[in-house]
file protein_1.pdb (PDB, N, CA and C atoms, pLDDT in the B column)
ATOM      1  N   MET C   1     106.257 -37.805 -57.721  1.00 43.00           N
ATOM      2  CA  MET C   1     105.538 -36.606 -57.381  1.00 43.00           C
ATOM      3  C   MET C   1     104.129 -36.636 -57.974  1.00 43.00           C
ATOM      4  N   GLU C   2     103.974 -37.262 -59.093  1.00 48.00           N
ATOM      5  CA  GLU C   2     102.669 -37.342 -59.732  1.00 48.00           C
ATOM      6  C   GLU C   2     101.659 -38.097 -58.865  1.00 48.00           C
ATOM      7  N   ASN C   3     102.118 -39.108 -58.119  1.00 47.00           N
ATOM      8  CA  ASN C   3     101.232 -39.885 -57.263  1.00 47.00           C
ATOM      9  C   ASN C   3     100.497 -39.013 -56.251  1.00 47.00           C
ATOM     10  N   LYS C   4     101.170 -38.050 -55.679  1.00 48.00           N
ATOM     11  CA  LYS C   4     100.558 -37.185 -54.672  1.00 48.00           C
ATOM     12  C   LYS C   4      99.453 -36.316 -55.267  1.00 48.00           C
ATOM     13  N   THR C   5      99.608 -35.890 -56.518  1.00 56.00           N
ATOM     14  CA  THR C   5      98.626 -35.004 -57.111  1.00 56.00           C
ATOM     15  C   THR C   5      97.431 -35.749 -57.682  1.00 56.00           C
ATOM     16  N   THR C   6      97.590 -37.018 -58.043  1.00 69.00           N
ATOM     17  CA  THR C   6      96.476 -37.741 -58.634  1.00 69.00           C
ATOM     18  C   THR C   6      95.453 -38.190 -57.596  1.00 69.00           C
ATOM     19  N   GLN C   7      95.910 -38.472 -56.374  1.00 73.00           N
ATOM     20  CA  GLN C   7      94.997 -38.884 -55.298  1.00 73.00           C
ATOM     21  C   GLN C   7      95.425 -38.252 -53.977  1.00 73.00           C
ATOM     22  N   PRO C   8      95.318 -36.944 -53.865  1.00 73.00           N
ATOM     23  CA  PRO C   8      95.841 -36.267 -52.676  1.00 73.00           C
ATOM     24  C   PRO C   8      95.097 -36.597 -51.385  1.00 73.00           C
ATOM     25  N   ASN C   9      93.858 -37.067 -51.469  1.00 82.00           N
ATOM     26  CA  ASN C   9      93.065 -37.347 -50.264  1.00 82.00           C
ATOM     27  C   ASN C   9      93.046 -38.823 -49.887  1.00 82.00           C
ATOM     28  N   ASN C  10      93.799 -39.648 -50.584  1.00 83.00           N
ATOM     29  CA  ASN C  10      93.819 -41.074 -50.301  1.00 83.00           C
ATOM     30  C   ASN C  10      95.098 -41.415 -49.532  1.00 83.00           C
ATOM     31  N   PRO C  11      94.995 -41.656 -48.212  1.00 86.00           N
ATOM     32  CA  PRO C  11      96.201 -41.930 -47.424  1.00 86.00           C
ATOM     33  C   PRO C  11      96.865 -43.264 -47.772  1.00 86.00           C
ATOM     34  N   LEU C  12      96.156 -44.151 -48.439  1.00 87.00           N
ATOM     35  CA  LEU C  12      96.731 -45.442 -48.810  1.00 87.00           C
ATOM     36  C   LEU C  12      97.398 -45.419 -50.184  1.00 87.00           C
ATOM     37  N   HIS C  13      97.228 -44.343 -50.915  1.00 86.00           N
ATOM     38  CA  HIS C  13      97.791 -44.280 -52.261  1.00 86.00           C
ATOM     39  C   HIS C  13      99.319 -44.349 -52.202  1.00 86.00           C
ATOM     40  N   GLY C  14      99.870 -45.297 -52.923  1.00 88.00           N
ATOM     41  CA  GLY C  14     101.316 -45.459 -52.975  1.00 88.00           C
ATOM     42  C   GLY C  14     101.890 -46.309 -51.859  1.00 88.00           C
ATOM     43  N   VAL C  15     101.051 -46.777 -50.939  1.00 90.00           N
ATOM     44  CA  VAL C  15     101.520 -47.623 -49.841  1.00 90.00           C
ATOM     45  C   VAL C  15     101.277 -49.081 -50.229  1.00 90.00           C
ATOM     46  N   LYS C  16     102.326 -49.886 -50.206  1.00 95.00           N
ATOM     47  CA  LYS C  16     102.207 -51.298 -50.592  1.00 95.00           C
ATOM     48  C   LYS C  16     101.567 -52.103 -49.468  1.00 95.00           C
ATOM     49  N   LEU C  17     100.813 -53.120 -49.869  1.00 96.00           N
ATOM     50  CA  LEU C  17     100.175 -54.001 -48.896  1.00 96.00           C
ATOM     51  C   LEU C  17     101.216 -54.650 -47.988  1.00 96.00           C
ATOM     52  N   ALA C  18     102.359 -55.009 -48.546  1.00 96.00           N
ATOM     53  CA  ALA C  18     103.423 -55.613 -47.738  1.00 96.00           C
ATOM     54  C   ALA C  18     103.901 -54.639 -46.660  1.00 96.00           C
ATOM     55  N   ASP C  19     104.020 -53.369 -46.998  1.00 96.00           N
ATOM     56  CA  ASP C  19     104.440 -52.365 -46.019  1.00 96.00           C
ATOM     57  C   ASP C  19     103.399 -52.186 -44.919  1.00 96.00           C
ATOM     58  N   ILE C  20     102.134 -52.222 -45.310  1.00 96.00           N
ATOM     59  CA  ILE C  20     101.044 -52.114 -44.335  1.00 96.00           C
ATOM     60  C   ILE C  20     101.106 -53.279 -43.354  1.00 96.00           C
ATOM     61  N   LEU C  21     101.239 -54.480 -43.888  1.00 96.00           N
ATOM     62  CA  LEU C  21     101.260 -55.678 -43.054  1.00 96.00           C
ATOM     63  C   LEU C  21     102.488 -55.691 -42.145  1.00 96.00           C
ATOM     64  N   GLU C  22     103.642 -55.343 -42.681  1.00 96.00           N
ATOM     65  CA  GLU C  22     104.855 -55.308 -41.860  1.00 96.00           C
ATOM     66  C   GLU C  22     104.729 -54.283 -40.728  1.00 96.00           C
ATOM     67  N   HIS C  23     104.137 -53.145 -41.018  1.00 96.00           N
ATOM     68  CA  HIS C  23     103.920 -52.125 -39.986  1.00 96.00           C
ATOM     69  C   HIS C  23     103.023 -52.657 -38.874  1.00 96.00           C
ATOM     70  N   LEU C  24     101.925 -53.301 -39.257  1.00 96.00           N
ATOM     71  CA  LEU C  24     100.979 -53.815 -38.266  1.00 96.00           C
ATOM     72  C   LEU C  24     101.592 -54.932 -37.422  1.00 96.00           C
ATOM     73  N   VAL C  25     102.348 -55.811 -38.051  1.00 96.00           N
ATOM     74  CA  VAL C  25     102.979 -56.911 -37.310  1.00 96.00           C
ATOM     75  C   VAL C  25     104.010 -56.347 -36.334  1.00 96.00           C
ATOM     76  N   GLU C  26     104.773 -55.373 -36.791  1.00 96.00           N
ATOM     77  CA  GLU C  26     105.787 -54.767 -35.926  1.00 96.00           C
ATOM     78  C   GLU C  26     105.136 -54.026 -34.755  1.00 96.00           C
ATOM     79  N   GLU C  27     104.039 -53.335 -35.041  1.00 95.00           N
ATOM     80  CA  GLU C  27     103.381 -52.535 -34.008  1.00 95.00           C
ATOM     81  C   GLU C  27     102.543 -53.387 -33.051  1.00 95.00           C
ATOM     82  N   ARG C  28     101.830 -54.372 -33.569  1.00 95.00           N
ATOM     83  CA  ARG C  28     100.862 -55.116 -32.758  1.00 95.00           C
ATOM     84  C   ARG C  28     101.230 -56.569 -32.506  1.00 95.00           C
ATOM     85  N   GLY C  29     101.898 -57.198 -33.445  1.00 96.00           N
ATOM     86  CA  GLY C  29     102.207 -58.620 -33.330  1.00 96.00           C
ATOM     87  C   GLY C  29     101.088 -59.471 -33.920  1.00 96.00           C
ATOM     88  N   TRP C  30     101.427 -60.712 -34.225  1.00 96.00           N
ATOM     89  CA  TRP C  30     100.457 -61.608 -34.874  1.00 96.00           C
ATOM     90  C   TRP C  30      99.255 -61.902 -33.985  1.00 96.00           C
ATOM     91  N   GLU C  31      99.500 -62.112 -32.695  1.00 95.00           N
ATOM     92  CA  GLU C  31      98.407 -62.480 -31.792  1.00 95.00           C
ATOM     93  C   GLU C  31      97.353 -61.377 -31.710  1.00 95.00           C
ATOM     94  N   ASP C  32      97.797 -60.143 -31.551  1.00 96.00           N
ATOM     95  CA  ASP C  32      96.854 -59.026 -31.486  1.00 96.00           C
ATOM     96  C   ASP C  32      96.126 -58.853 -32.821  1.00 96.00           C
ATOM     97  N   LEU C  33      96.840 -59.031 -33.918  1.00 96.00           N
ATOM     98  CA  LEU C  33      96.182 -58.941 -35.233  1.00 96.00           C
ATOM     99  C   LEU C  33      95.085 -59.993 -35.365  1.00 96.00           C
ATOM    100  N   SER C  34      95.365 -61.203 -34.888  1.00 95.00           N
ATOM    101  CA  SER C  34      94.358 -62.271 -34.991  1.00 95.00           C
ATOM    102  C   SER C  34      93.139 -61.981 -34.119  1.00 95.00           C
ATOM    103  N   LEU C  35      93.334 -61.225 -33.032  1.00 96.00           N
ATOM    104  CA  LEU C  35      92.201 -60.846 -32.196  1.00 96.00           C
ATOM    105  C   LEU C  35      91.392 -59.719 -32.827  1.00 96.00           C
ATOM    106  N   LYS C  36      92.080 -58.802 -33.488  1.00 94.00           N
ATOM    107  CA  LYS C  36      91.409 -57.663 -34.130  1.00 94.00           C
ATOM    108  C   LYS C  36      90.699 -58.079 -35.415  1.00 94.00           C
ATOM    109  N   ILE C  37      91.353 -58.944 -36.192  1.00 95.00           N
ATOM    110  CA  ILE C  37      90.793 -59.396 -37.469  1.00 95.00           C
ATOM    111  C   ILE C  37      90.834 -60.921 -37.463  1.00 95.00           C
ATOM    112  N   ASN C  38      89.674 -61.538 -37.425  1.00 94.00           N
ATOM    113  CA  ASN C  38      89.562 -62.984 -37.259  1.00 94.00           C
ATOM    114  C   ASN C  38      89.763 -63.710 -38.591  1.00 94.00           C
ATOM    115  N   ILE C  39      91.026 -63.869 -38.969  1.00 94.00           N
ATOM    116  CA  ILE C  39      91.343 -64.650 -40.170  1.00 94.00           C
ATOM    117  C   ILE C  39      92.454 -65.639 -39.831  1.00 94.00           C
ATOM    118  N   ASN C  40      92.376 -66.822 -40.421  1.00 94.00           N
ATOM    119  CA  ASN C  40      93.291 -67.901 -40.086  1.00 94.00           C
ATOM    120  C   ASN C  40      94.748 -67.589 -40.402  1.00 94.00           C
ATOM    121  N   CYS C  41      95.012 -66.806 -41.428  1.00 94.00           N
ATOM    122  CA  CYS C  41      96.417 -66.551 -41.768  1.00 94.00           C
ATOM    123  C   CYS C  41      97.127 -65.764 -40.666  1.00 94.00           C
ATOM    124  N   PHE C  42      96.386 -65.106 -39.774  1.00 95.00           N
ATOM    125  CA  PHE C  42      96.995 -64.435 -38.628  1.00 95.00           C
ATOM    126  C   PHE C  42      97.126 -65.380 -37.433  1.00 95.00           C
ATOM    127  N   LYS C  43      96.363 -66.464 -37.432  1.00 94.00           N
ATOM    128  CA  LYS C  43      96.310 -67.360 -36.283  1.00 94.00           C
ATOM    129  C   LYS C  43      97.229 -68.570 -36.420  1.00 94.00           C
ATOM    130  N   ASN C  44      97.195 -69.214 -37.569  1.00 93.00           N
ATOM    131  CA  ASN C  44      97.884 -70.485 -37.750  1.00 93.00           C
ATOM    132  C   ASN C  44      99.160 -70.322 -38.565  1.00 93.00           C
ATOM    133  N   ASN C  45     100.291 -70.421 -37.883  1.00 93.00           N
ATOM    134  CA  ASN C  45     101.587 -70.364 -38.562  1.00 93.00           C
ATOM    135  C   ASN C  45     101.716 -69.112 -39.438  1.00 93.00           C
ATOM    136  N   PRO C  46     101.542 -67.929 -38.875  1.00 95.00           N
ATOM    137  CA  PRO C  46     101.513 -66.714 -39.694  1.00 95.00           C
ATOM    138  C   PRO C  46     102.874 -66.352 -40.288  1.00 95.00           C
ATOM    139  N   SER C  47     102.825 -65.840 -41.495  1.00 96.00           N
ATOM    140  CA  SER C  47     104.012 -65.281 -42.133  1.00 96.00           C
ATOM    141  C   SER C  47     103.537 -64.160 -43.053  1.00 96.00           C
ATOM    142  N   ILE C  48     104.430 -63.237 -43.326  1.00 96.00           N
ATOM    143  CA  ILE C  48     104.090 -62.122 -44.209  1.00 96.00           C
ATOM    144  C   ILE C  48     103.660 -62.673 -45.568  1.00 96.00           C
ATOM    145  N   LYS C  49     104.414 -63.623 -46.089  1.00 96.00           N
ATOM    146  CA  LYS C  49     104.139 -64.161 -47.430  1.00 96.00           C
ATOM    147  C   LYS C  49     102.755 -64.813 -47.512  1.00 96.00           C
ATOM    148  N   SER C  50     102.432 -65.665 -46.552  1.00 95.00           N
ATOM    149  CA  SER C  50     101.137 -66.359 -46.606  1.00 95.00           C
ATOM    150  C   SER C  50      99.977 -65.379 -46.421  1.00 95.00           C
ATOM    151  N   CYS C  51     100.166 -64.392 -45.562  1.00 96.00           N
ATOM    152  CA  CYS C  51      99.117 -63.404 -45.346  1.00 96.00           C
ATOM    153  C   CYS C  51      98.920 -62.516 -46.569  1.00 96.00           C
ATOM    154  N   LEU C  52     100.014 -62.143 -47.222  1.00 97.00           N
ATOM    155  CA  LEU C  52      99.893 -61.336 -48.438  1.00 97.00           C
ATOM    156  C   LEU C  52      99.121 -62.092 -49.511  1.00 97.00           C
ATOM    157  N   THR C  53      99.419 -63.372 -49.662  1.00 96.00           N
ATOM    158  CA  THR C  53      98.705 -64.190 -50.652  1.00 96.00           C
ATOM    159  C   THR C  53      97.214 -64.192 -50.362  1.00 96.00           C
ATOM    160  N   PHE C  54      96.845 -64.400 -49.096  1.00 96.00           N
ATOM    161  CA  PHE C  54      95.435 -64.427 -48.721  1.00 96.00           C
ATOM    162  C   PHE C  54      94.782 -63.058 -48.916  1.00 96.00           C
ATOM    163  N   LEU C  55      95.435 -62.013 -48.441  1.00 97.00           N
ATOM    164  CA  LEU C  55      94.838 -60.676 -48.500  1.00 97.00           C
ATOM    165  C   LEU C  55      94.658 -60.187 -49.934  1.00 97.00           C
ATOM    166  N   ARG C  56      95.546 -60.571 -50.825  1.00 96.00           N
ATOM    167  CA  ARG C  56      95.416 -60.163 -52.230  1.00 96.00           C
ATOM    168  C   ARG C  56      94.221 -60.834 -52.907  1.00 96.00           C
ATOM    169  N   LYS C  57      93.825 -61.991 -52.402  1.00 97.00           N
ATOM    170  CA  LYS C  57      92.707 -62.731 -53.000  1.00 97.00           C
ATOM    171  C   LYS C  57      91.378 -62.467 -52.281  1.00 97.00           C
ATOM    172  N   THR C  58      91.420 -61.784 -51.135  1.00 96.00           N
ATOM    173  CA  THR C  58      90.235 -61.637 -50.300  1.00 96.00           C
ATOM    174  C   THR C  58      89.991 -60.167 -49.988  1.00 96.00           C
ATOM    175  N   PRO C  59      89.180 -59.501 -50.805  1.00 96.00           N
ATOM    176  CA  PRO C  59      88.978 -58.055 -50.646  1.00 96.00           C
ATOM    177  C   PRO C  59      88.457 -57.626 -49.278  1.00 96.00           C
ATOM    178  N   TRP C  60      87.527 -58.375 -48.672  1.00 96.00           N
ATOM    179  CA  TRP C  60      86.975 -57.960 -47.382  1.00 96.00           C
ATOM    180  C   TRP C  60      88.050 -57.977 -46.293  1.00 96.00           C
ATOM    181  N   ALA C  61      88.945 -58.954 -46.344  1.00 96.00           N
ATOM    182  CA  ALA C  61      90.011 -59.041 -45.340  1.00 96.00           C
ATOM    183  C   ALA C  61      91.038 -57.934 -45.555  1.00 96.00           C
ATOM    184  N   ARG C  62      91.359 -57.672 -46.813  1.00 96.00           N
ATOM    185  CA  ARG C  62      92.311 -56.601 -47.119  1.00 96.00           C
ATOM    186  C   ARG C  62      91.765 -55.254 -46.637  1.00 96.00           C
ATOM    187  N   GLU C  63      90.478 -55.045 -46.831  1.00 96.00           N
ATOM    188  CA  GLU C  63      89.862 -53.801 -46.385  1.00 96.00           C
ATOM    189  C   GLU C  63      89.980 -53.638 -44.870  1.00 96.00           C
ATOM    190  N   LYS C  64      89.782 -54.722 -44.129  1.00 96.00           N
ATOM    191  CA  LYS C  64      89.903 -54.653 -42.670  1.00 96.00           C
ATOM    192  C   LYS C  64      91.338 -54.348 -42.254  1.00 96.00           C
ATOM    193  N   VAL C  65      92.295 -54.938 -42.942  1.00 96.00           N
ATOM    194  CA  VAL C  65      93.706 -54.675 -42.636  1.00 96.00           C
ATOM    195  C   VAL C  65      94.045 -53.218 -42.945  1.00 96.00           C
ATOM    196  N   GLU C  66      93.565 -52.725 -44.064  1.00 95.00           N
ATOM    197  CA  GLU C  66      93.815 -51.326 -44.431  1.00 95.00           C
ATOM    198  C   GLU C  66      93.190 -50.367 -43.419  1.00 95.00           C
ATOM    199  N   GLN C  67      91.990 -50.672 -42.939  1.00 95.00           N
ATOM    200  CA  GLN C  67      91.333 -49.823 -41.952  1.00 95.00           C
ATOM    201  C   GLN C  67      92.106 -49.826 -40.628  1.00 95.00           C
ATOM    202  N   LEU C  68      92.599 -50.982 -40.225  1.00 96.00           N
ATOM    203  CA  LEU C  68      93.379 -51.075 -39.006  1.00 96.00           C
ATOM    204  C   LEU C  68      94.687 -50.285 -39.149  1.00 96.00           C
ATOM    205  N   TYR C  69      95.286 -50.344 -40.310  1.00 95.00           N
ATOM    206  CA  TYR C  69      96.491 -49.562 -40.593  1.00 95.00           C
ATOM    207  C   TYR C  69      96.205 -48.069 -40.494  1.00 95.00           C
ATOM    208  N   LEU C  70      95.117 -47.639 -41.102  1.00 93.00           N
ATOM    209  CA  LEU C  70      94.762 -46.209 -41.051  1.00 93.00           C
ATOM    210  C   LEU C  70      94.548 -45.743 -39.620  1.00 93.00           C
ATOM    211  N   GLN C  71      93.902 -46.571 -38.814  1.00 93.00           N
ATOM    212  CA  GLN C  71      93.703 -46.234 -37.397  1.00 93.00           C
ATOM    213  C   GLN C  71      95.033 -46.121 -36.663  1.00 93.00           C
ATOM    214  N   SER C  72      96.004 -46.930 -37.059  1.00 91.00           N
ATOM    215  CA  SER C  72      97.279 -46.943 -36.351  1.00 91.00           C
ATOM    216  C   SER C  72      98.174 -45.763 -36.721  1.00 91.00           C
ATOM    217  N   ILE C  73      97.946 -45.138 -37.865  1.00 88.00           N
ATOM    218  CA  ILE C  73      98.809 -44.031 -38.272  1.00 88.00           C
ATOM    219  C   ILE C  73      98.193 -42.664 -37.999  1.00 88.00           C
ATOM    220  N   ILE C  74      96.956 -42.663 -37.553  1.00 80.00           N
ATOM    221  CA  ILE C  74      96.286 -41.378 -37.270  1.00 80.00           C
ATOM    222  C   ILE C  74      96.542 -40.959 -35.847  1.00 80.00           C
TER     223      ILE C  74
END
call {"tool": "encode", "arguments": {"input": "protein_1.pdb", "output": "structure tokens"}}
result
Amino acid sequence: MENKTTQPNNPLHGVKLADILEHLVEERGWEDLSLKININCFKNNPSIKSCLTFLRKTPWAREKVEQLYLQSII
């Protein structure tokens, strides 16, 4: 309950990157993700694990994934 009060205006607060990625893959698929966000981990032999590793190390790519997620839930 404390999480909701500390950042009430942040829709990503408390949402794990893995959950975001799984939602996007389920909703759009790897091919559509690779067209929306041009990164190799979506194009070549994609997996949740490999993409999470890349996104955790690459802030600009993670930001694009988070923005695409926000667009999909609004």
call {"tool": "residues_around", "arguments": {"input": "protein_1.pdb", "residues": "region 60-66 of chain C", "least_positions_apart": "3", "cutoff": "8 Å", "atoms": "only C-alpha atoms", "output": "mmCIF file with N, CA and C atoms, keeping the file's coordinate frame"}}
result
data_model
loop_
_atom_site.group_PDB
_atom_site.id
_atom_site.type_symbol
_atom_site.label_atom_id
_atom_site.label_comp_id
_atom_site.auth_asym_id
_atom_site.auth_seq_id
_atom_site.Cartn_x
_atom_site.Cartn_y
_atom_site.Cartn_z
ATOM 1 N N LEU C 12 96.156 -44.151 -48.439
ATOM 2 C CA LEU C 12 96.731 -45.442 -48.810
ATOM 3 C C LEU C 12 97.398 -45.419 -50.184
ATOM 4 N N ILE C 20 102.134 -52.222 -45.310
ATOM 5 C CA ILE C 20 101.044 -52.114 -44.335
ATOM 6 C C ILE C 20 101.106 -53.279 -43.354
ATOM 7 N N LEU C 21 101.239 -54.480 -43.888
ATOM 8 C CA LEU C 21 101.260 -55.678 -43.054
ATOM 9 C C LEU C 21 102.488 -55.691 -42.145
ATOM 10 N N ILE C 37 91.353 -58.944 -36.192
ATOM 11 C CA ILE C 37 90.793 -59.396 -37.469
ATOM 12 C C ILE C 37 90.834 -60.921 -37.463
ATOM 13 N N ILE C 39 91.026 -63.869 -38.969
ATOM 14 C CA ILE C 39 91.343 -64.650 -40.170
ATOM 15 C C ILE C 39 92.454 -65.639 -39.831
ATOM 16 N N LEU C 55 95.435 -62.013 -48.441
ATOM 17 C CA LEU C 55 94.838 -60.676 -48.500
ATOM 18 C C LEU C 55 94.658 -60.187 -49.934
ATOM 19 N N ARG C 56 95.546 -60.571 -50.825
ATOM 20 C CA ARG C 56 95.416 -60.163 -52.230
ATOM 21 C C ARG C 56 94.221 -60.834 -52.907
ATOM 22 N N TYR C 69 95.286 -50.344 -40.310
ATOM 23 C CA TYR C 69 96.491 -49.562 -40.593
ATOM 24 C C TYR C 69 96.205 -48.069 -40.494
ATOM 25 N N LEU C 70 95.117 -47.639 -41.102
ATOM 26 C CA LEU C 70 94.762 -46.209 -41.051
ATOM 27 C C LEU C 70 94.548 -45.743 -39.620
#
call {"tool": "atom_distance", "arguments": {"input": "protein_1.pdb", "atom1": "CA of Leu52 (chain C)", "atom2": "atom C of His23 (chain C)"}}
result
13.3 Å
call {"tool": "atom_distance", "arguments": {"input": "protein_1.pdb", "atom1": "CA of Gly29 (chain C)", "atom2": "CA of Ser50 (chain C)"}}
result
15.4 Å
call {"tool": "atom_distance", "arguments": {"input": "protein_1.pdb", "atom1": "atom N of Gln67 (chain C)", "atom2": "CA of Lys16 (chain C)"}}
result
12.8 Å
call {"tool": "axis_aligned_box", "arguments": {"input": "protein_1.pdb", "around": "region 26-40 of chain C", "padding_each_side": "8 Å", "output": "AutoDock Vina command-line options"}}
result
--center_x 97.7 --center_y -60.2 --center_z -36.0 --size_x 32.2 --size_y 31.4 --size_z 24.9
call {"tool": "resolve_selection", "arguments": {"input": "protein_1.pdb", "expression": "the PyMOL selection byres ((chain C and resi 42) around 6.5)", "output": "PyMOL selection string"}}
result
chain C and resi 30-31+33-34+39-41+43-46+51
